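**Student:** Quick one: structure below, then a few questions.
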Amino acid sequence: MILDLQSYGLRLTDHRAGITARKGGAGPTDHKAITIGDRTVMVPVYTDTAKTSPFEATGPGLDGSAILLRDGTPIAKITYPRQARFYALQTFDGIPYWKIAQLHSNDVLATTVLQNCIRYTDRATSCQFCAIGQSLAENRTIAHKTPEQLGEVARMAVLLDGVKHVVLTTGTPNVIDRGAAVLCESAAGIKAQVDIPIQAQCEPPRDHAWFGKMRDAGIDTLGMHLEAVTPEVRARIMPGKATVSMERYYDAFDSAVKIFGRGQVSTYILAGLGDTAEAILESCEKLIALGVYPFVVPFVPVSGTPLASAPAPTPEFMRRILPALGRMVSAAGLRSADIKAGCGKCGACSALASYEG
Ligand code: SF4
C-alpha cells in the first residue's frame, strides 16, 4: 500500500491536518507525513499526479485518526504526526525556527544549510527535479543558516519534539569542497548544543581529506546522491551535476566508507527519471559491494520544476526494484535500522525498508 500511495499520491480533504506540508525547497518536497500502523511515510499531496490519485484521506476525527480511502472505499485508519512544537519559536533576532529547519517524517530534523546552488540559476545546468530556489524566493526559509541558529533549533527540537536525528543538506556552493566546509561548520554548531546523530549530504568534494574533517566536525553519516545512474539520463536530467562522473562518485564512496564505516554512507536514487529497473539494480549491486546503502525512492514530479508534469513511476515499476533491493541490502547486512542518521534511516520517502528482511 505504501508503494502505491507514494506512486499515486494522496488527495486530502483537510490540508491543515498534521505537520504542515512543505512546498518547494531542496530534496523531496510537496509531501505530507502520514502514519499507517507503526510506520510514518511521506506521500505526495501537492503534485499533479496526486490530484487524480485513487487515494483520499479524511481530516482527523475526535480521536485523532483519519480514514484512508481507495476509489471511495475505506481501506485503513491513519494518523497525522502532530505539528512540531518548535515551529512556534523564533530566534532572538526574530527568525521563526521553522524557517531554519523542518520536521521530516515524525522524528527527523532536516534543513538545507545553504539555499543557493551554483547549478540552480541556469536551467542549462540545474537538476530538472529540484526546487531549491522556490522556498527562498517565497520567503519560507533563509539563504544561510548559521551554526548558532542550527544549534539553537536542534536543541529545542530535541527537547520539545523528541527529534532523533538530523539531516543537513546543501546547495553546491563551489566545485572544490562542494559544500563540505559549510556542512562541517553546521554540524559542529549543532553538536556544541546537543548530542544527536547527524547526516550530511553533498556532492563528492575534490579532496577526500574532507571526509575525515566531516567526521571530526561531528558528522556521523554521509549521503552523496547519484539521483540517476545511466549516463544519458544523468546528462538529460541533471546536466550540471552529470559533469561529476559516476567513476568520481564510486571513488568518493570507497574513500568515505573507510572513514564512516560500512552502511554509514548512502546515496539517493530517484526511480522514474528514465533509468531502467535493471540499470538501477545493477548500480545498487556495485554500491552495496562498496558498503554503500542505496536508498531508492520514487521520483516525485514537484510543482514549479521543469519536470512538474512528468509522470511519477508506476507502482509496477517500483515493484520491479524495491523487493529485490530489500533482499540485496539484507543479504549484505546493510539494513536501514543500523544507519545512525539520515534519509536511509528515516526511510519515509520510500517503501524500501518494508522489504528488508
Ligand atoms: S527520507 Fe529523508 S527526505 Fe524523506 S522524510 Fe526522511 S529525512 Fe526527509
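Lettering and numbering for the C-alpha cells are positional, with chains as A, B, ... in the shown order, residues counted from 1 in each chain, and ligands counted from 1 in the shown order.
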Tell me, which residues of stretch 70-251 of chain A carry DSSP strand (DSSP E or B), written as a VMD selection string?

**Tutor:** chain A and resid 70 73 to 79 90 96 102 to 104 108 to 112 114 131 144 165 to 169 198 to 201 221 to 223 227

**Student:** Report as CSV: every residue of stretch 56-129 of chain A with an atom at most 9 Å from stretch 41-50 of chain A, its closest pair of atoms, and their distance in Å to one decimal, counting only C-alpha atoms, with rows sorted by chain and ascending residue number.

**Tutor:**
```
residue,atom,partner,partner_atom,distance
A:His104,CA,A:Met42,CA,8.4
A:Ser105,CA,A:Val41,CA,6.4
A:Asn106,CA,A:Val41,CA,8.9
```

**Student:** May I ask you to write as a PyMOL selection string all residues lying at most 10 Å from ligand 1, with only C-alpha atoms and all ligand atoms counted?

**Tutor:** chain A and resi 26-29+31-33+40-43+102-111+165-169+199+268+295+297+341-350

**Student:** Pick out the residues sitting within 12 Å of A:Gln149, and hand them over as a list in words; count only C-alpha atoms, and ignore anything fewer than 4 positions along from it in its own chain.

**Tutor:**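 Contacts, in chain order: Gln90, Thr91, Phe92, Asp93, Gly94, Ile95, Pro96, Tyr97, Trp98, Lys99, Ile100, Ala101, Thr111, Val113, Ile142, His144, Lys145, Val153, Ala154, Arg155, Met156, Glu185, Ser186, Ala187, Ala188, Gly189, Ile190, Ala192 and Gln193 of chain A.
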
**Student:** Hey, what does DSSP flag as alpha helix (DSSP H) within stretch 158-334 of chain A? Can you give it to me as a PyMOL selection string?

**Tutor:** chain A and resi 158-161+180-191+209-216+231-237+246-260+277-290+315-319+322-331

**Student:** To one decimal in Å, tell me the separation between atom CA of A:Asn139 and atom CA of A:Thr112.

**Tutor:**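 Interatomic distance, atom CA of A:Asn139 to atom CA of A:Thr112: 14.1 Å.
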
**Student:** So, counting only C-alpha atoms, which residue among A:Ala180, A:Ala66, A:Ile280, A:Leu5 is closest to A:Gly212?

**Tutor:** A:Ala180

**Student:** Would you compute the distance between atom CA of A:Ala256 and atom CA of A:Val244? Give it in Å to one decimal.

**Tutor:**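 One can read the atom CA of A:Ala256 to atom CA of A:Val244 distance as 16.4 Å.
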
**Student:** Show which residues sit within 12 Å of A:Glu203, as an MDAnalysis selection string. Count only C-alpha atoms, and ignore same-chain residues fewer than 5 positions away.

**Tutor:** chainID A and resid 117 169:181 183 208 210:211 222:227 240:246 248:250 252:253 256 266:268

**Student:** Given only C-alpha atoms as the basis, pick out the residue of A:Arg236, A:Lys213, A:Lys286, A:Arg335 nearest to A:Ser126.

**Tutor:**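 Ranking A:Arg236, A:Lys213, A:Lys286, A:Arg335 by distance to A:Ser126, first place goes to A:Arg236.
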
**Student:** Interatomic distance between atom CA of A:Met318 and atom CA of A:Tyr120?

**Tutor:**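 If I compute the distance from atom CA of A:Met318 to atom CA of A:Tyr120, I get 28.5 Å.
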
**Student:** For A:Ser65, please output as a ChimeraX atom specification all residues within 9 Å (counting only C-alpha atoms; exclusion window: fewer than 4 positions along the same chain).

**Tutor:** /A:59-61,77-80

**Student:** With N, CA and C atoms kept, could you save the residues just selected as an mmCIF file, in the first residue's frame?

**Tutor:**
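Result file part_4.cif:
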```cif
data_model
loop_
_atom_site.group_PDB
_atom_site.id
_atom_site.type_symbol
_atom_site.label_atom_id
_atom_site.label_comp_id
_atom_site.auth_asym_id
_atom_site.auth_seq_id
_atom_site.Cartn_x
_atom_site.Cartn_y
_atom_site.Cartn_z
ATOM 1 N N GLY A 59 -10.022 14.279 7.051
ATOM 2 C CA GLY A 59 -9.384 15.017 8.140
ATOM 3 C C GLY A 59 -9.464 14.182 9.406
ATOM 4 N N PRO A 60 -8.667 14.500 10.436
ATOM 5 C CA PRO A 60 -8.703 13.694 11.654
ATOM 6 C C PRO A 60 -10.021 13.859 12.408
ATOM 7 N N GLY A 61 -10.530 12.762 12.969
ATOM 8 C CA GLY A 61 -11.740 12.825 13.795
ATOM 9 C C GLY A 61 -11.381 13.175 15.228
ATOM 10 N N LYS A 77 -7.076 2.862 8.697
ATOM 11 C CA LYS A 77 -7.061 4.015 9.605
ATOM 12 C C LYS A 77 -5.663 4.601 9.550
ATOM 13 N N ILE A 78 -5.556 5.907 9.487
ATOM 14 C CA ILE A 78 -4.234 6.527 9.528
ATOM 15 C C ILE A 78 -4.255 7.635 10.584
ATOM 16 N N THR A 79 -3.069 8.103 10.950
ATOM 17 C CA THR A 79 -2.996 9.300 11.791
ATOM 18 C C THR A 79 -2.009 10.259 11.143
ATOM 19 N N TYR A 80 -2.098 11.509 11.540
ATOM 20 C CA TYR A 80 -1.147 12.513 11.064
ATOM 21 C C TYR A 80 -0.228 12.858 12.228
#
```

**Student:** Under the rule that only C-alpha atoms are counted, which of A:Lys258, A:Ala157, A:Pro231, A:Glu278 is the nearest residue to A:Ala209?

**Tutor:**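 That would be A:Lys258, the residue with the smallest distance to A:Ala209.
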
**Student:** Using only C-alpha atoms, can you tell me which of A:Ser303, A:Gln6, A:Ser354, A:Ser53 comes closest to A:Gln134?

**Tutor:**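 Comparing A:Ser303, A:Gln6, A:Ser354, A:Ser53 against A:Gln134, the winner is A:Ser303.
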
**Student:** Pick from A:Pro205, A:Gly18, A:Pro311, A:Pro306: nearest to A:Leu273, with only C-alpha atoms counted?

**Tutor:** A:Pro311
